[in-house]
>>> print(open('input22.txt').read())   # compact mmCIF, C-alpha atoms
# COMPACT_ATOMS: atom_id res chain seq x y z
CA MET A 1 0.00 0.00 0.00
CA PRO A 2 1.20 3.57 -0.62
CA GLY A 3 3.52 4.80 2.11
CA SER A 4 4.00 1.39 3.75
CA GLY A 5 7.75 1.43 3.12
CA LYS A 6 8.13 -1.24 0.46
CA SER A 7 10.93 0.56 -1.39
CA VAL A 8 13.15 -0.07 1.64
CA ALA A 9 12.93 -3.79 0.81
CA SER A 10 14.45 -3.10 -2.60
CA ARG A 11 17.31 -1.13 -1.10
CA VAL A 12 18.03 -3.93 1.39
CA GLY A 13 17.81 -6.55 -1.37
CA GLU A 14 20.22 -4.56 -3.51
CA SER A 15 22.67 -4.23 -0.61
CA LEU A 16 22.64 -8.04 -0.32
CA GLY A 17 23.49 -8.49 -3.99
CA MET A 18 20.01 -9.17 -5.35
CA LYS A 19 18.82 -7.72 -8.61
CA VAL A 20 15.90 -5.40 -8.16
CA VAL A 21 13.09 -5.10 -10.69
CA LEU A 22 10.67 -2.23 -10.20
CA MET A 23 7.29 -3.08 -11.67
CA GLY A 24 6.46 0.60 -11.53
CA ASP A 25 9.27 1.28 -14.01
CA PHE A 26 7.38 -0.48 -16.78
CA VAL A 27 4.37 1.66 -16.02
CA ARG A 28 6.38 4.89 -15.68
CA ASP A 29 8.19 4.23 -18.98
CA GLU A 30 4.91 3.71 -20.75
CA ALA A 31 3.41 6.76 -19.00
CA SER A 32 6.22 9.03 -20.12
CA GLN A 33 5.89 7.71 -23.68
CA ARG A 34 2.16 8.42 -23.59
CA ASN A 35 2.69 11.65 -21.66
CA GLN A 36 0.04 10.60 -19.14
CA ASP A 37 -0.35 10.04 -15.40
CA PRO A 38 1.24 6.71 -14.25
CA GLY A 39 -1.86 5.84 -12.19
CA LYS A 40 -4.04 6.16 -15.26
CA VAL A 41 -1.57 4.24 -17.43
CA ALA A 42 -1.41 1.38 -14.88
CA LEU A 43 -5.14 0.91 -15.33
CA ASP A 44 -5.14 1.48 -19.10
CA LEU A 45 -2.32 -1.01 -19.71
CA ARG A 46 -4.34 -3.72 -17.99
CA LYS A 47 -7.46 -2.80 -19.94
CA GLU A 48 -5.52 -2.91 -23.22
CA TYR A 49 -3.35 -5.98 -22.68
CA GLY A 50 -5.02 -7.82 -19.79
CA GLU A 51 -4.34 -8.26 -16.08
CA PHE A 52 -1.02 -9.98 -16.63
CA VAL A 53 0.69 -7.37 -18.78
CA VAL A 54 3.09 -5.77 -16.30
CA ALA A 55 4.05 -9.11 -14.73
CA GLU A 56 4.65 -10.63 -18.16
CA ARG A 57 6.95 -7.80 -19.19
CA CYS A 58 8.74 -8.25 -15.90
CA VAL A 59 9.22 -12.00 -16.44
CA LYS A 60 10.50 -11.40 -19.96
CA MET A 61 13.02 -8.90 -18.66
CA ILE A 62 14.25 -11.28 -15.95
CA LYS A 63 14.59 -14.19 -18.38
CA THR A 64 16.60 -12.06 -20.81
CA SER A 65 18.84 -10.89 -18.02
CA GLU A 66 19.28 -14.46 -16.76
CA ASN A 67 20.37 -15.59 -20.21
CA GLN A 68 22.90 -12.82 -20.42
CA ASP A 69 24.27 -13.78 -17.00
CA LYS A 70 24.46 -17.50 -17.71
CA ASN A 71 28.23 -17.50 -17.97
CA VAL A 72 28.84 -15.26 -15.00
CA LYS A 73 29.71 -17.18 -11.84
CA SER A 74 28.10 -15.37 -8.93
CA ALA A 75 26.15 -16.77 -6.02
CA ASN A 76 23.50 -14.10 -6.16
CA SER A 77 23.32 -13.49 -9.88
CA SER A 78 19.98 -15.28 -10.18
CA LEU A 79 18.27 -13.74 -7.18
CA TYR A 80 15.68 -11.15 -8.04
CA LEU A 81 13.58 -8.89 -5.91
CA ILE A 82 10.45 -7.63 -7.65
CA GLU A 83 9.05 -4.45 -6.14
CA GLY A 84 5.48 -3.34 -6.59
CA ILE A 85 3.37 -6.47 -7.04
CA ARG A 86 -0.24 -5.46 -6.66
CA SER A 87 -2.51 -8.20 -7.88
CA PRO A 88 -3.00 -11.94 -7.31
CA TYR A 89 -2.79 -12.39 -11.09
CA GLU A 90 0.76 -11.15 -10.96
CA VAL A 91 1.60 -13.49 -8.09
CA GLU A 92 0.17 -16.37 -10.14
CA ILE A 93 2.43 -15.56 -13.10
CA PHE A 94 5.57 -15.26 -10.98
CA LYS A 95 4.78 -18.51 -9.15
CA GLN A 96 4.44 -20.31 -12.46
CA GLU A 97 7.68 -18.93 -13.80
CA PHE A 98 9.93 -19.04 -10.72
CA LYS A 99 9.57 -22.05 -8.47
CA ASP A 100 11.09 -20.46 -5.35
CA PHE A 101 9.02 -17.31 -5.64
CA LYS A 102 7.98 -15.79 -2.31
CA VAL A 103 5.84 -12.78 -1.44
CA ILE A 104 6.93 -10.28 1.24
CA ALA A 105 4.36 -7.69 2.28
CA VAL A 106 5.32 -4.52 4.14
CA HIS A 107 2.51 -3.25 6.36
CA SER A 108 1.91 0.03 8.15
CA LYS A 109 -1.36 1.21 9.64
CA PRO A 110 -3.30 3.73 7.52
CA LYS A 111 -2.61 6.56 9.97
CA THR A 112 1.16 6.00 9.65
CA ARG A 113 1.04 5.69 5.86
CA PHE A 114 -0.93 8.91 5.49
CA LYS A 115 1.48 10.78 7.74
CA ARG A 116 4.46 9.55 5.68
CA LEU A 117 2.87 10.40 2.36
CA LYS A 118 2.08 13.91 3.55
CA ARG A 119 5.64 14.40 4.77
CA ARG A 120 7.07 13.01 1.53
CA ARG A 121 5.21 15.60 -0.50
CA ARG A 122 5.75 18.60 1.71
CA SER A 123 7.54 20.46 -1.10
CA ASP A 124 4.53 20.14 -3.37
CA ASP A 125 1.03 21.16 -2.50
CA SER A 126 -0.09 19.24 0.54
CA PRO A 127 -2.22 16.36 -0.74
CA LEU A 128 -5.77 15.99 0.50
CA VAL A 129 -6.72 12.92 2.49
CA SER A 130 -9.16 12.17 -0.32
CA ASP A 131 -6.24 11.97 -2.82
CA LEU A 132 -4.56 9.41 -0.62
CA GLN A 133 -7.78 7.47 -0.33
CA ILE A 134 -8.05 7.41 -4.12
CA ARG A 135 -4.54 5.93 -4.33
CA ASP A 136 -5.46 3.35 -1.70
CA GLN A 137 -8.62 2.43 -3.55
CA ARG A 138 -6.72 1.99 -6.82
CA GLU A 139 -4.30 -0.47 -5.25
CA LEU A 140 -7.07 -2.33 -3.44
CA LYS A 141 -8.92 -2.67 -6.74
CA PHE A 142 -5.91 -4.42 -8.23
CA GLY A 143 -6.31 -6.97 -5.43
CA ILE A 144 -3.35 -5.95 -3.27
CA GLY A 145 -5.30 -7.00 -0.16
CA GLU A 146 -5.50 -10.56 -1.45
CA VAL A 147 -1.75 -10.51 -2.13
CA ILE A 148 -1.08 -9.39 1.46
CA ALA A 149 -3.53 -11.92 2.94
CA ASN A 150 -1.72 -14.76 1.16
CA SER A 151 1.81 -13.42 1.44
CA ASP A 152 4.65 -15.57 2.78
CA TYR A 153 5.93 -12.79 5.04
CA VAL A 154 4.42 -9.65 6.48
CA VAL A 155 6.92 -7.13 7.79
CA ILE A 156 5.46 -4.52 10.13
CA ASN A 157 6.86 -1.05 9.57
CA GLU A 158 5.92 1.01 12.61
CA GLY A 159 9.21 1.16 14.51
CA GLY A 160 11.59 3.18 12.40
CA LEU A 161 13.89 2.54 9.45
CA LYS A 162 16.58 0.54 11.23
CA LYS A 163 14.12 -1.98 12.63
CA LEU A 164 12.50 -2.39 9.22
CA LYS A 165 15.85 -2.90 7.51
CA ASP A 166 16.92 -5.48 10.11
CA LYS A 167 13.73 -7.50 9.67
CA LEU A 168 13.97 -7.40 5.88
CA ARG A 169 17.66 -8.31 5.90
CA SER A 170 16.97 -11.30 8.12
CA ILE A 171 14.16 -12.59 5.85
CA LEU A 172 16.10 -12.06 2.62
CA LYS A 173 19.30 -13.60 3.99
CA ASN A 174 17.38 -16.62 5.19
CA GLU A 175 15.71 -17.07 1.81
CA MET A 176 19.06 -16.65 0.03
CA GLN A 177 20.64 -19.34 2.20
CA ASN A 178 17.79 -21.76 1.52
CA ARG A 179 18.54 -21.74 -2.16
CA SER A 180 22.30 -21.59 -2.34
CA MET B 1 -7.93 -16.10 6.94
CA PRO B 2 -8.75 -19.70 7.96
CA GLY B 3 -6.11 -21.20 10.22
CA SER B 4 -4.30 -17.92 10.89
CA GLY B 5 -4.97 -18.13 14.64
CA LYS B 6 -7.46 -15.34 15.14
CA SER B 7 -9.44 -17.18 17.82
CA VAL B 8 -6.40 -16.84 20.09
CA ALA B 9 -7.02 -13.09 20.07
CA SER B 10 -10.48 -13.65 21.55
CA ARG B 11 -9.13 -15.85 24.29
CA VAL B 12 -6.48 -13.26 25.18
CA GLY B 13 -9.10 -10.49 25.09
CA GLU B 14 -11.35 -12.46 27.39
CA SER B 15 -8.51 -13.09 29.82
CA LEU B 16 -8.00 -9.31 29.99
CA GLY B 17 -11.65 -8.72 30.85
CA MET B 18 -12.91 -7.75 27.40
CA LYS B 19 -16.26 -8.95 26.13
CA VAL B 20 -15.91 -11.13 23.08
CA VAL B 21 -18.42 -11.11 20.25
CA LEU B 22 -18.08 -13.87 17.67
CA MET B 23 -19.47 -12.75 14.34
CA GLY B 24 -19.53 -16.40 13.32
CA ASP B 25 -22.09 -17.08 16.07
CA PHE B 26 -24.73 -15.06 14.27
CA VAL B 27 -24.08 -17.07 11.14
CA ARG B 28 -23.95 -20.40 12.99
CA ASP B 29 -27.23 -19.66 14.81
CA GLU B 30 -28.92 -18.84 11.54
CA ALA B 31 -27.36 -21.92 9.90
CA SER B 32 -28.63 -24.26 12.57
CA GLN B 33 -32.10 -22.71 12.29
CA ARG B 34 -32.01 -23.22 8.54
CA ASN B 35 -30.29 -26.57 8.88
CA GLN B 36 -27.69 -25.53 6.30
CA ASP B 37 -23.92 -25.18 5.97
CA PRO B 38 -22.58 -22.02 7.74
CA GLY B 39 -20.44 -21.14 4.71
CA LYS B 40 -23.51 -21.13 2.49
CA VAL B 41 -25.59 -19.21 5.05
CA ALA B 42 -22.85 -16.55 5.39
CA LEU B 43 -23.26 -15.84 1.68
CA ASP B 44 -27.07 -16.19 1.63
CA LEU B 45 -27.56 -13.83 4.57
CA ARG B 46 -25.66 -11.10 2.73
CA LYS B 47 -27.64 -11.72 -0.45
CA GLU B 48 -30.91 -11.55 1.46
CA TYR B 49 -30.21 -8.62 3.80
CA GLY B 50 -27.21 -6.86 2.26
CA GLU B 51 -23.48 -6.72 2.99
CA PHE B 52 -23.96 -5.13 6.39
CA VAL B 53 -26.29 -7.69 7.94
CA VAL B 54 -23.91 -9.56 10.25
CA ALA B 55 -22.16 -6.39 11.40
CA GLU B 56 -25.50 -4.70 12.08
CA ARG B 57 -26.73 -7.58 14.22
CA CYS B 58 -23.44 -7.43 16.03
CA VAL B 59 -23.75 -3.68 16.72
CA LYS B 60 -27.31 -4.15 17.97
CA MET B 61 -26.18 -6.86 20.34
CA ILE B 62 -23.35 -4.72 21.71
CA LYS B 63 -25.60 -1.68 22.21
CA THR B 64 -28.17 -3.79 24.07
CA SER B 65 -25.46 -5.23 26.26
CA GLU B 66 -24.00 -1.77 26.91
CA ASN B 67 -27.41 -0.50 28.05
CA GLN B 68 -27.80 -3.40 30.42
CA ASP B 69 -24.33 -2.72 31.84
CA LYS B 70 -24.81 1.02 32.21
CA ASN B 71 -25.11 0.83 35.96
CA VAL B 72 -22.28 -1.62 36.43
CA LYS B 73 -19.05 0.07 37.44
CA SER B 74 -16.18 -1.79 35.77
CA ALA B 75 -13.19 -0.44 33.93
CA ASN B 76 -13.47 -2.95 31.13
CA SER B 77 -17.20 -3.35 30.91
CA SER B 78 -17.40 -1.37 27.69
CA LEU B 79 -14.46 -2.99 25.91
CA TYR B 80 -15.47 -5.38 23.19
CA LEU B 81 -13.45 -7.65 20.96
CA ILE B 82 -15.24 -8.63 17.76
CA GLU B 83 -13.88 -11.80 16.20
CA GLY B 84 -14.37 -12.69 12.57
CA ILE B 85 -14.64 -9.42 10.65
CA ARG B 86 -14.27 -10.26 6.99
CA SER B 87 -15.31 -7.33 4.85
CA PRO B 88 -14.51 -3.62 4.59
CA TYR B 89 -18.27 -2.96 4.78
CA GLU B 90 -18.25 -4.41 8.26
CA VAL B 91 -15.26 -2.28 9.25
CA GLU B 92 -17.12 0.79 7.98
CA ILE B 93 -20.16 0.04 10.17
CA PHE B 94 -18.07 -0.56 13.28
CA LYS B 95 -16.05 2.62 12.70
CA GLN B 96 -19.25 4.63 12.44
CA GLU B 97 -20.71 3.14 15.59
CA PHE B 98 -17.65 2.95 17.85
CA LYS B 99 -15.22 5.84 17.69
CA ASP B 100 -12.22 3.99 19.14
CA PHE B 101 -12.66 0.97 16.89
CA LYS B 102 -9.39 -0.66 15.80
CA VAL B 103 -8.69 -3.60 13.49
CA ILE B 104 -6.16 -6.29 14.46
CA ALA B 105 -5.25 -8.81 11.74
CA VAL B 106 -3.57 -12.13 12.54
CA HIS B 107 -1.40 -13.35 9.67
CA SER B 108 0.20 -16.70 8.90
CA LYS B 109 1.65 -17.76 5.58
CA PRO B 110 -0.60 -20.05 3.49
CA LYS B 111 1.68 -23.05 4.05
CA THR B 112 1.36 -22.69 7.84
CA ARG B 113 -2.40 -22.15 7.69
CA PHE B 114 -2.94 -25.24 5.56
CA LYS B 115 -0.81 -27.37 7.88
CA ARG B 116 -2.82 -26.18 10.91
CA LEU B 117 -6.18 -26.77 9.27
CA LYS B 118 -5.19 -30.28 8.29
CA ARG B 119 -4.03 -31.05 11.82
CA ARG B 120 -7.16 -29.54 13.33
CA ARG B 121 -9.34 -31.89 11.32
CA ARG B 122 -7.35 -35.06 11.71
CA SER B 123 -10.28 -36.75 13.44
CA ASP B 124 -12.48 -36.16 10.41
CA ASP B 125 -11.65 -37.05 6.88
CA SER B 126 -8.48 -35.25 5.91
CA PRO B 127 -9.57 -32.21 3.89
CA LEU B 128 -8.29 -31.76 0.38
CA VAL B 129 -6.15 -28.77 -0.42
CA SER B 130 -8.88 -27.73 -2.84
CA ASP B 131 -11.38 -27.54 0.07
CA LEU B 132 -9.04 -25.20 1.89
CA GLN B 133 -8.62 -23.11 -1.23
CA ILE B 134 -12.40 -22.81 -1.52
CA ARG B 135 -12.55 -21.53 2.08
CA ASP B 136 -9.78 -19.05 1.31
CA GLN B 137 -11.56 -17.86 -1.79
CA ARG B 138 -14.80 -17.33 0.11
CA GLU B 139 -13.12 -15.10 2.67
CA LEU B 140 -11.18 -13.20 0.02
CA LYS B 141 -14.44 -12.55 -1.83
CA PHE B 142 -15.86 -10.88 1.27
CA GLY B 143 -12.90 -8.50 1.02
CA ILE B 144 -10.83 -9.79 3.93
CA GLY B 145 -7.65 -8.83 2.06
CA GLU B 146 -8.73 -5.20 2.04
CA VAL B 147 -9.45 -5.40 5.78
CA ILE B 148 -5.93 -6.76 6.41
CA ALA B 149 -4.28 -4.18 4.13
CA ASN B 150 -5.93 -1.36 6.07
CA SER B 151 -5.74 -2.91 9.53
CA ASP B 152 -4.30 -0.98 12.48
CA TYR B 153 -2.22 -3.96 13.63
CA VAL B 154 -0.93 -7.09 11.93
CA VAL B 155 0.21 -9.81 14.30
CA ILE B 156 2.40 -12.47 12.73
CA ASN B 157 1.62 -15.98 13.93
CA GLU B 158 4.56 -18.15 12.87
CA GLY B 159 6.42 -18.57 16.16
CA GLY B 160 4.17 -20.63 18.44
CA LEU B 161 1.24 -19.93 20.73
CA LYS B 162 3.11 -18.20 23.55
CA LYS B 163 4.67 -15.63 21.24
CA LEU B 164 1.30 -14.93 19.63
CA LYS B 165 -0.42 -14.49 22.98
CA ASP B 166 2.33 -12.14 24.21
CA LYS B 167 2.03 -9.94 21.12
CA LEU B 168 -1.76 -9.82 21.35
CA ARG B 169 -1.72 -9.13 25.07
CA SER B 170 0.67 -6.23 24.57
CA ILE B 171 -1.49 -4.67 21.83
CA LEU B 172 -4.76 -5.11 23.72
CA LYS B 173 -3.34 -3.82 27.00
CA ASN B 174 -1.96 -0.78 25.24
CA GLU B 175 -5.30 -0.05 23.59
CA MET B 176 -7.12 -0.54 26.89
CA GLN B 177 -4.81 1.93 28.63
CA ASN B 178 -5.32 4.53 25.93
CA ARG B 179 -9.01 4.68 26.64
CA SER B 180 -9.22 4.35 30.37
>>> encode(input="input22.txt", output="structure tokens")
Amino acid sequence: MPGSGKSVASRVGESLGMKVVLMGDFVRDEASQRNQDPGKVALDLRKEYGEFVVAERCVKMIKTSENQDKNVKSANSSLYLIEGIRSPYEVEIFKQEFKDFKVIAVHSKPKTRFKRLKRRRRSDDSPLVSDLQIRDQRELKFGIGEVIANSDYVVINEGGLKKLKDKLRSILKNEMQNRS
Amino acid sequence: MPGSGKSVASRVGESLGMKVVLMGDFVRDEASQRNQDPGKVALDLRKEYGEFVVAERCVKMIKTSENQDKNVKSANSSLYLIEGIRSPYEVEIFKQEFKDFKVIAVHSKPKTRFKRLKRRRRSDDSPLVSDLQIRDQRELKFGIGEVIANSDYVVINEGGLKKLKDKLRSILKNEMQNRS
């Protein structure tokens, strides 16, 4: 959910040698090509190409990258962290394609998320609560709640950045060990 | 979600002097009157009386009980724990009716939940994974994912009963202090 702190997971993953794929990048690229709002494009893309479109592009990108890396000897070269999964359709695709796929959800209570989002935008116009609720509703419509309900890990982000990083590092390290 | 361990929250609440309301009881009562499966009745009730029906009966019950208790002096007499909220419509009703209403979600990964549910039923016929998936789907259709995504607390239940009870006790005690 917006403001929960999920981008921290990517930074921690990166610091551990994982490759990070931002699902939002596919949407932002397309949005800048179309010169439209990313939120709108996220919806339009799915209408045009189906629910699986962003996940499929993501899988294609990972497979290409894996092929390029085939000759590189590195313990972590085939470990990917995908940031920004929002729908159970996407989870389904990734599970089919990658057998060790796991879902980590980062959770903060609405009050905390709203506070963070307001702070984050303090240089712009202060966003209305209703704007934030619209963002929430968009993500919930994708089915993000279902993804969280069935996630393999939920990391609570209410106790500051260090605590969050520690928890994420411990989960990621553990998962990395299980497959090396 | 089924098998996550939410009933432990009720037991902890009760031990702290809270009054526990089981939303499932309304459904089970109705099911036994109709002589039908509770899962089916949960759906039918909402079709017949709307999404809010179980929550509304619950609110009515609490208000009646509060009126009866009005003359009883007890610090915790007006603290209720409602077990089994499944849809954002229900959350909406409770938020309207009770200003200090908070949502606590109990989360376990699907693998853990399935293991528990199988163990729980070992005296009956062992349930098929597909049965468990049907139960999951039913709860997700009510919107339980959205409730979890926007919950005030998520308690992770992967580390044994004692750990779960400690976490729940700490949250409930804290909430009780804030309103006494």
>>> closest_atom_pairs(input="input22.txt", of="chain B", to="chain A", cutoff="7 Å", atoms="all atoms listed in the file", output="tab-separated table")
residue	atom	partner	partner_atom	distance
B:Lys109	CA	A:Asp152	CA	4.7
B:Pro110	CA	A:Asn150	CA	5.9
B:Leu140	CA	A:Glu146	CA	6.4
B:Gly145	CA	A:Gly145	CA	3.7
B:Glu146	CA	A:Gly145	CA	4.5
B:Ile148	CA	A:Gly145	CA	6.6
B:Ala149	CA	A:Gly145	CA	5.2
B:Asn150	CA	A:Pro110	CA	5.9
B:Ser151	CA	A:Lys109	CA	6.0
B:Asp152	CA	A:Lys109	CA	4.6
B:Tyr153	CA	A:Lys109	CA	6.6
>>> write_last_selection(input="input22.txt", atoms="C-alpha atoms", output="mmCIF file, in the coordinates of the input")
data_model
loop_
_atom_site.group_PDB
_atom_site.id
_atom_site.type_symbol
_atom_site.label_atom_id
_atom_site.label_comp_id
_atom_site.auth_asym_id
_atom_site.auth_seq_id
_atom_site.Cartn_x
_atom_site.Cartn_y
_atom_site.Cartn_z
ATOM 1 C CA LYS B 109 1.650 -17.760 5.580
ATOM 2 C CA PRO B 110 -0.600 -20.050 3.490
ATOM 3 C CA LEU B 140 -11.180 -13.200 0.020
ATOM 4 C CA GLY B 145 -7.650 -8.830 2.060
ATOM 5 C CA GLU B 146 -8.730 -5.200 2.040
ATOM 6 C CA ILE B 148 -5.930 -6.760 6.410
ATOM 7 C CA ALA B 149 -4.280 -4.180 4.130
ATOM 8 C CA ASN B 150 -5.930 -1.360 6.070
ATOM 9 C CA SER B 151 -5.740 -2.910 9.530
ATOM 10 C CA ASP B 152 -4.300 -0.980 12.480
ATOM 11 C CA TYR B 153 -2.220 -3.960 13.630
#
>>> atom_distance(input="input22.txt", atom1="atom CA of B:Arg11", atom2="atom CA of B:Glu83")
10.2 Å
>>> atom_distance(input="input22.txt", atom1="atom CA of A:Leu128", atom2="atom CA of A:Lys115")
11.5 Å
>>> residues_near_point(input="input22.txt", point="(19.0, -20.0, 0.3)", cutoff="12 Å", atoms="only C-alpha atoms", output="ChimeraX atom specification")
/A:75-76,78-79,100-101,170-180
>>> closest_atom_pairs(input="input22.txt", of="stretch 75-125 of chain A", to="stretch 51-70 of chain A", cutoff="10 Å", atoms="all atoms listed in the file", output="CSV")
residue,atom,partner,partner_atom,distance
A:Ser77,CA,A:Asp69,CA,7.2
A:Ser78,CA,A:Glu66,CA,6.7
A:Leu79,CA,A:Glu66,CA,9.7
A:Tyr80,CA,A:Ile62,CA,8.0
A:Ile82,CA,A:Cys58,CA,8.4
A:Ile85,CA,A:Ala55,CA,8.2
A:Arg86,CA,A:Ala55,CA,9.8
A:Ser87,CA,A:Glu51,CA,8.4
A:Pro88,CA,A:Glu51,CA,9.6
A:Tyr89,CA,A:Phe52,CA,6.3
A:Glu90,CA,A:Ala55,CA,5.4
A:Val91,CA,A:Ala55,CA,8.3
A:Glu92,CA,A:Phe52,CA,9.2
A:Ile93,CA,A:Ala55,CA,6.8
A:Phe94,CA,A:Val59,CA,7.3
A:Glu97,CA,A:Val59,CA,7.6
A:Phe98,CA,A:Val59,CA,9.1
>>> write_last_selection(input="input22.txt", atoms="C-alpha atoms", output="tab-separated table (two decimals), keeping the file's coordinate frame")
chain	number	residue	atom	x	y	z
A	77	SER	CA	23.32	-13.49	-9.88
A	78	SER	CA	19.98	-15.28	-10.18
A	79	LEU	CA	18.27	-13.74	-7.18
A	80	TYR	CA	15.68	-11.15	-8.04
A	82	ILE	CA	10.45	-7.63	-7.65
A	85	ILE	CA	3.37	-6.47	-7.04
A	86	ARG	CA	-0.24	-5.46	-6.66
A	87	SER	CA	-2.51	-8.20	-7.88
A	88	PRO	CA	-3.00	-11.94	-7.31
A	89	TYR	CA	-2.79	-12.39	-11.09
A	90	GLU	CA	0.76	-11.15	-10.96
A	91	VAL	CA	1.60	-13.49	-8.09
A	92	GLU	CA	0.17	-16.37	-10.14
A	93	ILE	CA	2.43	-15.56	-13.10
A	94	PHE	CA	5.57	-15.26	-10.98
A	97	GLU	CA	7.68	-18.93	-13.80
A	98	PHE	CA	9.93	-19.04	-10.72
>>> residues_near_point(input="input22.txt", point="(-2.5, -13.1, 19.5)", cutoff="9 Å", atoms="only C-alpha atoms", output="JSON, numbers by chain")
{"B": [5, 6, 7, 8, 9, 10, 11, 12, 106, 155, 156, 157, 161, 162, 163, 164, 165, 166, 167, 168, 169, 171]}
>>> axis_aligned_box(input="input22.txt", around="stretch 27-37 of chain B", padding_each_side="4 Å", output="lines of an AutoDock Vina configuration file")
center_x = -28.0
center_y = -21.8
center_z = 10.4
size_x = 16.2
size_y = 17.5
size_z = 16.8
>>> atom_distance(input="input22.txt", atom1="atom CA of A:Gly160", atom2="atom CA of A:Phe114")
15.4 Å
>>> decode(input="input22.txt", residues="stretch 166-171 of chain B", atoms="all heavy atoms", output="short mmCIF file (atom, residue, chain, number, x, y, z; two decimals), in the first residue's frame")
data_model
loop_
_atom_site.label_atom_id
_atom_site.label_comp_id
_atom_site.auth_asym_id
_atom_site.auth_seq_id
_atom_site.Cartn_x
_atom_site.Cartn_y
_atom_site.Cartn_z
N ASP B 166 1.59 -13.29 23.67
CA ASP B 166 2.33 -12.14 24.21
C ASP B 166 2.10 -10.90 23.35
O ASP B 166 1.85 -9.81 23.86
CB ASP B 166 3.84 -12.45 24.26
CG ASP B 166 4.18 -13.41 25.39
OD1 ASP B 166 3.29 -13.65 26.24
OD2 ASP B 166 5.30 -13.94 25.42
N LYS B 167 2.20 -11.09 22.03
CA LYS B 167 2.03 -9.94 21.12
C LYS B 167 0.62 -9.38 21.25
O LYS B 167 0.42 -8.16 21.33
CB LYS B 167 2.25 -10.39 19.67
CG LYS B 167 3.71 -10.56 19.29
CD LYS B 167 3.80 -10.82 17.79
CE LYS B 167 4.88 -11.82 17.45
NZ LYS B 167 4.81 -12.32 16.08
N LEU B 168 -0.37 -10.27 21.28
CA LEU B 168 -1.76 -9.82 21.35
C LEU B 168 -2.03 -9.13 22.69
O LEU B 168 -2.69 -8.08 22.73
CB LEU B 168 -2.71 -11.01 21.17
CG LEU B 168 -2.81 -11.54 19.73
CD1 LEU B 168 -3.42 -12.94 19.71
CD2 LEU B 168 -3.63 -10.59 18.87
N ARG B 169 -1.51 -9.71 23.75
CA ARG B 169 -1.72 -9.13 25.07
C ARG B 169 -1.16 -7.71 25.12
O ARG B 169 -1.78 -6.79 25.64
CB ARG B 169 -1.06 -10.02 26.14
CG ARG B 169 -1.70 -9.84 27.51
CD ARG B 169 -1.17 -10.83 28.53
NE ARG B 169 -1.60 -12.20 28.28
CZ ARG B 169 -0.80 -13.24 28.05
NH1 ARG B 169 0.50 -13.07 28.05
NH2 ARG B 169 -1.28 -14.44 27.84
N SER B 170 0.03 -7.54 24.55
CA SER B 170 0.67 -6.23 24.57
C SER B 170 -0.15 -5.20 23.78
O SER B 170 -0.35 -4.07 24.23
CB SER B 170 2.10 -6.38 24.03
OG SER B 170 2.48 -5.28 23.28
N ILE B 171 -0.67 -5.59 22.62
CA ILE B 171 -1.49 -4.67 21.83
C ILE B 171 -2.78 -4.33 22.57
O ILE B 171 -3.17 -3.16 22.69
CB ILE B 171 -1.83 -5.29 20.45
CG1 ILE B 171 -0.59 -5.37 19.58
CG2 ILE B 171 -2.93 -4.49 19.74
CD1 ILE B 171 -0.78 -6.15 18.29
#
